[in-house]
Amino acid sequence: MIEQLFTSRPRRRQKPLCGVWYRLHGWLCVLPLLCCAGCFDSLPGKPTEAERYRRPNTIMDFATLYKTHCSGCHGANGDWGPAPPLNDPMFLAICSDEELKKILTYGRPGTPMPAIAKQHGGALTDAQIDSLIAGIRKTWGKEVTPSDPPIPKYLPPEAAGNVEAGKDLFASHCAGCHGNAGRGGDMAGALNDSGFLGTVSDQLLRRIIITGRPDLGMPNYRDAGSKPLTSEEIADLVALLASWRTADEGLTNETDAARTSE
């Protein structure tokens with residue numbers, strides 16, 4: 001009986017060692033990878049933090065924003081571009097942040113200057129526009145020596161300019177470079193030209209008369225004639241240039257009509 005009890009009890013089966021070896025082999029394969037995990041940052045071809053892709057609306061540094069959205073027209077260093085320079089302390093002294101933001105947000109209708117705010121078809125957020133303005137001032141805004149009379153205001157006076165007065169002022173302050181009636185001279189190109197006047201606003205004309213184009217050698221309101229131009233006189237000059245824009249359009253329409261009748 002006792003012998004039967006002992007002989008009938010099932011023997012415990014020993015677990016095979018193969019499962020243990022499989023698990024051990026797995027850990028041996030993973031261990032080197034874990035040891036090398038700290039070395040991945042130095043692997044060749046991995047982009048640096050500066051090279052990593054960033055969502056466009058997260059970019060806030062001035063250099064990147066300016067290079068991407070402004071340098072094509074205003075120049076790599078804020079000057080020597082087809083558009084008026086931003087690297088101009090006199091311009092930055094008379095143009096407020098509020099006005100700069102208005103220009104960047106809405107652009108200048110009827111000119112090549114586009115709106116760059118997202119809500120008006122551009123690519124930048126309000127925060128990015130603020131960063132751009134702050135960067136322009138920090139990079140190129142320098143103290144301007146006070147003058148007497150003071151620098152004319154950026155925005156025009158309420159009273160409209162006088163075209164006839166503008167003709168006299170043009171003869172004394174502008175014709176020496178731009179030629180009689182603005183048709184072009186030996187030192188500067190024509191202003192009485194539809195190709196030019198059709199791409200600039202009256203406000204931009206006023207700004208250029210005040211600040212000049214220091215990058216191109218054009219004098220400002222102080223140095224263009226025997227005495228500085230006043231705000232009202234600048235308005236007279238702008239009125240004259242604006243009349244040339246309209247007169248040139250009228251002349252073109254008359255020419256087209258004559259050709260059609262032929």
# chains A, B, ... in the order shown; residues from 1 in each chain; ligands from 1

call {"tool": "residues_around", "arguments": {"residues": "Met218 (chain A)", "least_positions_apart": "6", "cutoff": "9 Å", "atoms": "only C-alpha atoms", "output": "ChimeraX atom specification"}}
result
/A:188,208,211-212,224

call {"tool": "select_by_dssp", "arguments": {"residues": "region 34-99 of chain A", "states": "helix (DSSP H, G or I)", "output": "VMD selection string"}}
result
chain A and resid 34 to 42 56 to 58 62 to 69 71 to 74 89 to 94 97 to 99

call {"tool": "write_last_selection", "arguments": {"atoms": "C-alpha atoms", "output": "mmCIF file, in the first residue's frame"}}
result
data_model
loop_
_atom_site.group_PDB
_atom_site.id
_atom_site.type_symbol
_atom_site.label_atom_id
_atom_site.label_comp_id
_atom_site.auth_asym_id
_atom_site.auth_seq_id
_atom_site.Cartn_x
_atom_site.Cartn_y
_atom_site.Cartn_z
ATOM 1 C CA LEU A 34 20.447 50.960 -24.153
ATOM 2 C CA CYS A 35 24.112 51.702 -23.551
ATOM 3 C CA CYS A 36 24.334 53.623 -26.836
ATOM 4 C CA ALA A 37 21.146 55.621 -26.288
ATOM 5 C CA GLY A 38 23.106 58.513 -24.830
ATOM 6 C CA CYS A 39 25.321 58.607 -27.908
ATOM 7 C CA PHE A 40 22.508 59.139 -30.442
ATOM 8 C CA ASP A 41 22.810 62.956 -30.270
ATOM 9 C CA SER A 42 26.257 62.738 -31.839
ATOM 10 C CA PRO A 56 6.124 79.155 -39.334
ATOM 11 C CA ASN A 57 3.816 80.777 -36.777
ATOM 12 C CA THR A 58 6.254 79.922 -33.950
ATOM 13 C CA PHE A 62 13.815 89.220 -36.019
ATOM 14 C CA ALA A 63 16.614 88.037 -38.317
ATOM 15 C CA THR A 64 14.574 85.129 -39.674
ATOM 16 C CA LEU A 65 11.352 87.120 -40.018
ATOM 17 C CA TYR A 66 13.069 90.001 -41.804
ATOM 18 C CA LYS A 67 15.054 87.771 -44.166
ATOM 19 C CA THR A 68 11.941 85.802 -45.114
ATOM 20 C CA HIS A 69 9.374 88.581 -45.437
ATOM 21 C CA SER A 71 14.698 91.654 -47.400
ATOM 22 C CA GLY A 72 13.586 90.922 -50.961
ATOM 23 C CA CYS A 73 12.307 94.502 -51.352
ATOM 24 C CA HIS A 74 14.009 96.477 -48.576
ATOM 25 C CA PRO A 89 16.968 106.563 -38.519
ATOM 26 C CA MET A 90 15.062 109.619 -39.782
ATOM 27 C CA PHE A 91 12.206 107.465 -41.074
ATOM 28 C CA LEU A 92 12.054 105.510 -37.823
ATOM 29 C CA ALA A 93 12.077 108.786 -35.872
ATOM 30 C CA ILE A 94 8.931 110.106 -37.581
ATOM 31 C CA ASP A 97 5.009 101.880 -34.044
ATOM 32 C CA GLU A 98 1.272 102.232 -34.595
ATOM 33 C CA GLU A 99 1.826 103.457 -38.153
#

call {"tool": "atom_distance", "arguments": {"atom1": "CA of Asn192 (chain A)", "atom2": "CA of Arg245 (chain A)"}}
result
7.2 Å

call {"tool": "select_by_dssp", "arguments": {"residues": "region 96-240 of chain A", "states": "strand (DSSP E or B)", "output": "list in words"}}
result
Ala117, Leu124, Arg213 and Met218 of chain A

call {"tool": "write_last_selection", "arguments": {"atoms": "N, CA, C and O atoms", "output": "tab-separated table (two decimals), in the first residue's frame"}}
result
chain	number	residue	atom	x	y	z
A	117	ALA	N	-0.12	90.46	-42.64
A	117	ALA	CA	-0.86	89.90	-41.51
A	117	ALA	C	-1.74	88.75	-41.99
A	117	ALA	O	-2.33	88.82	-43.07
A	124	LEU	N	2.00	86.34	-41.33
A	124	LEU	CA	2.47	86.58	-39.97
A	124	LEU	C	1.33	86.84	-38.99
A	124	LEU	O	0.31	87.43	-39.33
A	213	ARG	N	16.62	109.37	-50.02
A	213	ARG	CA	17.08	107.97	-50.14
A	213	ARG	C	18.58	107.97	-49.85
A	213	ARG	O	19.41	108.03	-50.76
A	218	MET	N	20.07	110.41	-52.55
A	218	MET	CA	19.04	111.44	-52.65
A	218	MET	C	18.96	112.22	-51.35
A	218	MET	O	18.81	111.64	-50.28

call {"tool": "closest_residue", "arguments": {"among": "A:Ala242, A:Ala83, A:Leu100, A:Ile59", "to": "Ala134 (chain A)", "atoms": "only C-alpha atoms"}}
result
A:Leu100

call {"tool": "atom_distance", "arguments": {"atom1": "CA of Ala171 (chain A)", "atom2": "CA of Leu197 (chain A)"}}
result
18.7 Å

call {"tool": "residues_around", "arguments": {"residues": "region 179-187 of chain A", "least_positions_apart": "4", "cutoff": "9 Å", "atoms": "only C-alpha atoms", "output": "ChimeraX atom specification"}}
result
/A:167,170-171,174-175,191-193,241

call {"tool": "atom_distance", "arguments": {"atom1": "CA of Leu205 (chain A)", "atom2": "CA of Leu237 (chain A)"}}
result
8.9 Å
